[in-house]
Amino acid sequence: MNPEVALIAYLQPHAHQWKPLTVGERERLEAWHATSSTMSGAAFTWDTYRGLMLPAFERYAEVYRSLAEQYSDVENVAFINLLRLFEEEHGDVYADIIHYTAHGNGLLAGRMAKDIARLRSAQQRRLAVR
């Protein structure tokens, strides 16, 4: 593996799990559900969506755990589960079911900047040893 190339893969948070929703977030999500439909044309209700997405995200988390373990000895590769990133956040972070507000994007960007800095520092240490 090329030590000058890094990969950071993120499992990003979604609005139907972990974070207590604000009134504004809840209203935006309810509006989305009221106007969205499945491929068959049926309403994509809150419960229907959660019933589909929660198991899917649980499976994604399992895959990320497996990949993180598989690549644990590779310093410049990281698989990071951020599903709980907003768990303690009480402000508006969700613009809709999966997109973020400026505040939410800022929280994600801050976390990503720390991860990039950590990998970059490890890369520089490896290159200095050469």
# chains A, B, ... in the order shown; residues from 1 in each chain; ligands from 1
>>> select_by_dssp(residues="chain A", states="strand (DSSP E or B)", output="PyMOL selection string")
chain A and resi 7-11+37+43+77-81+94+100
>>> closest_atom_pairs(of="range 57-124 of chain A", to="range 14-30 of chain A", cutoff="10 Å", atoms="only C-alpha atoms", output="Markdown table")
| residue | atom | partner | partner_atom | distance |
| --- | --- | --- | --- | --- |
| A:Phe57 | CA | A:His14 | CA | 9.0 |
| A:Leu82 | CA | A:His14 | CA | 9.5 |
| A:Leu83 | CA | A:His14 | CA | 7.0 |
| A:Arg84 | CA | A:Trp18 | CA | 6.0 |
| A:Leu85 | CA | A:Lys19 | CA | 8.6 |
| A:Phe86 | CA | A:Lys19 | CA | 5.7 |
| A:Glu87 | CA | A:Lys19 | CA | 4.4 |
| A:Glu88 | CA | A:Lys19 | CA | 6.9 |
| A:Glu89 | CA | A:Lys19 | CA | 7.0 |
| A:His90 | CA | A:Thr22 | CA | 6.9 |
| A:Gly91 | CA | A:Thr22 | CA | 6.7 |
| A:Asp92 | CA | A:Thr22 | CA | 6.2 |
| A:Val93 | CA | A:Glu25 | CA | 7.8 |
| A:Tyr94 | CA | A:Glu25 | CA | 6.0 |
| A:Ala95 | CA | A:Glu25 | CA | 6.8 |
| A:Asp96 | CA | A:Leu29 | CA | 5.7 |
| A:Ile97 | CA | A:Ala15 | CA | 5.2 |
| A:Ile98 | CA | A:His14 | CA | 5.1 |
| A:His99 | CA | A:His14 | CA | 8.0 |
| A:Tyr100 | CA | A:His14 | CA | 9.1 |
| A:Thr101 | CA | A:Glu25 | CA | 9.9 |
>>> atom_distance(atom1="CA of Arg125 in chain A", atom2="CA of Ile80 in chain A")
21.9 Å
>>> atom_distance(atom1="CA of His33 in chain A", atom2="CA of Thr45 in chain A")
5.5 Å
>>> residues_around(residues="Arg111 in chain A", least_positions_apart="3", cutoff="12 Å", atoms="only C-alpha atoms", output="PyMOL selection string")
chain A and resi 8+10+12+80-82+85-86+104-108+114-118
>>> closest_residue(among="A:Ala68, A:Ala61, A:Val5, A:Leu54", to="Ala122 in chain A", atoms="only C-alpha atoms")
A:Val5
>>> atom_distance(atom1="CA of Leu7 in chain A", atom2="CA of Val77 in chain A")
4.8 Å
>>> residues_around(residues="Gln123 in chain A", least_positions_apart="4", cutoff="7 Å", atoms="only C-alpha atoms", output="ChimeraX atom specification")
/A:3-4,76,119,127
>>> write_last_selection(atoms="C-alpha atoms", output="short mmCIF file (atom, residue, chain, number, x, y, z; two decimals), in the first residue's frame")
data_model
loop_
_atom_site.label_atom_id
_atom_site.label_comp_id
_atom_site.auth_asym_id
_atom_site.auth_seq_id
_atom_site.Cartn_x
_atom_site.Cartn_y
_atom_site.Cartn_z
CA PRO A 3 2.17 5.27 2.37
CA GLU A 4 1.52 8.65 0.73
CA ASN A 76 -3.28 5.29 6.57
CA LEU A 119 -3.56 10.36 9.57
CA LEU A 127 7.98 9.31 5.54
#
>>> select_by_dssp(residues="chain A", states="alpha helix (DSSP H)", output="number ranges by chain")
A: 23-35, 46-70, 102-129
>>> closest_residue(among="A:Leu11, A:Ala102, A:Ala109, A:Ala42", to="Val63 in chain A", atoms="only C-alpha atoms")
A:Leu11
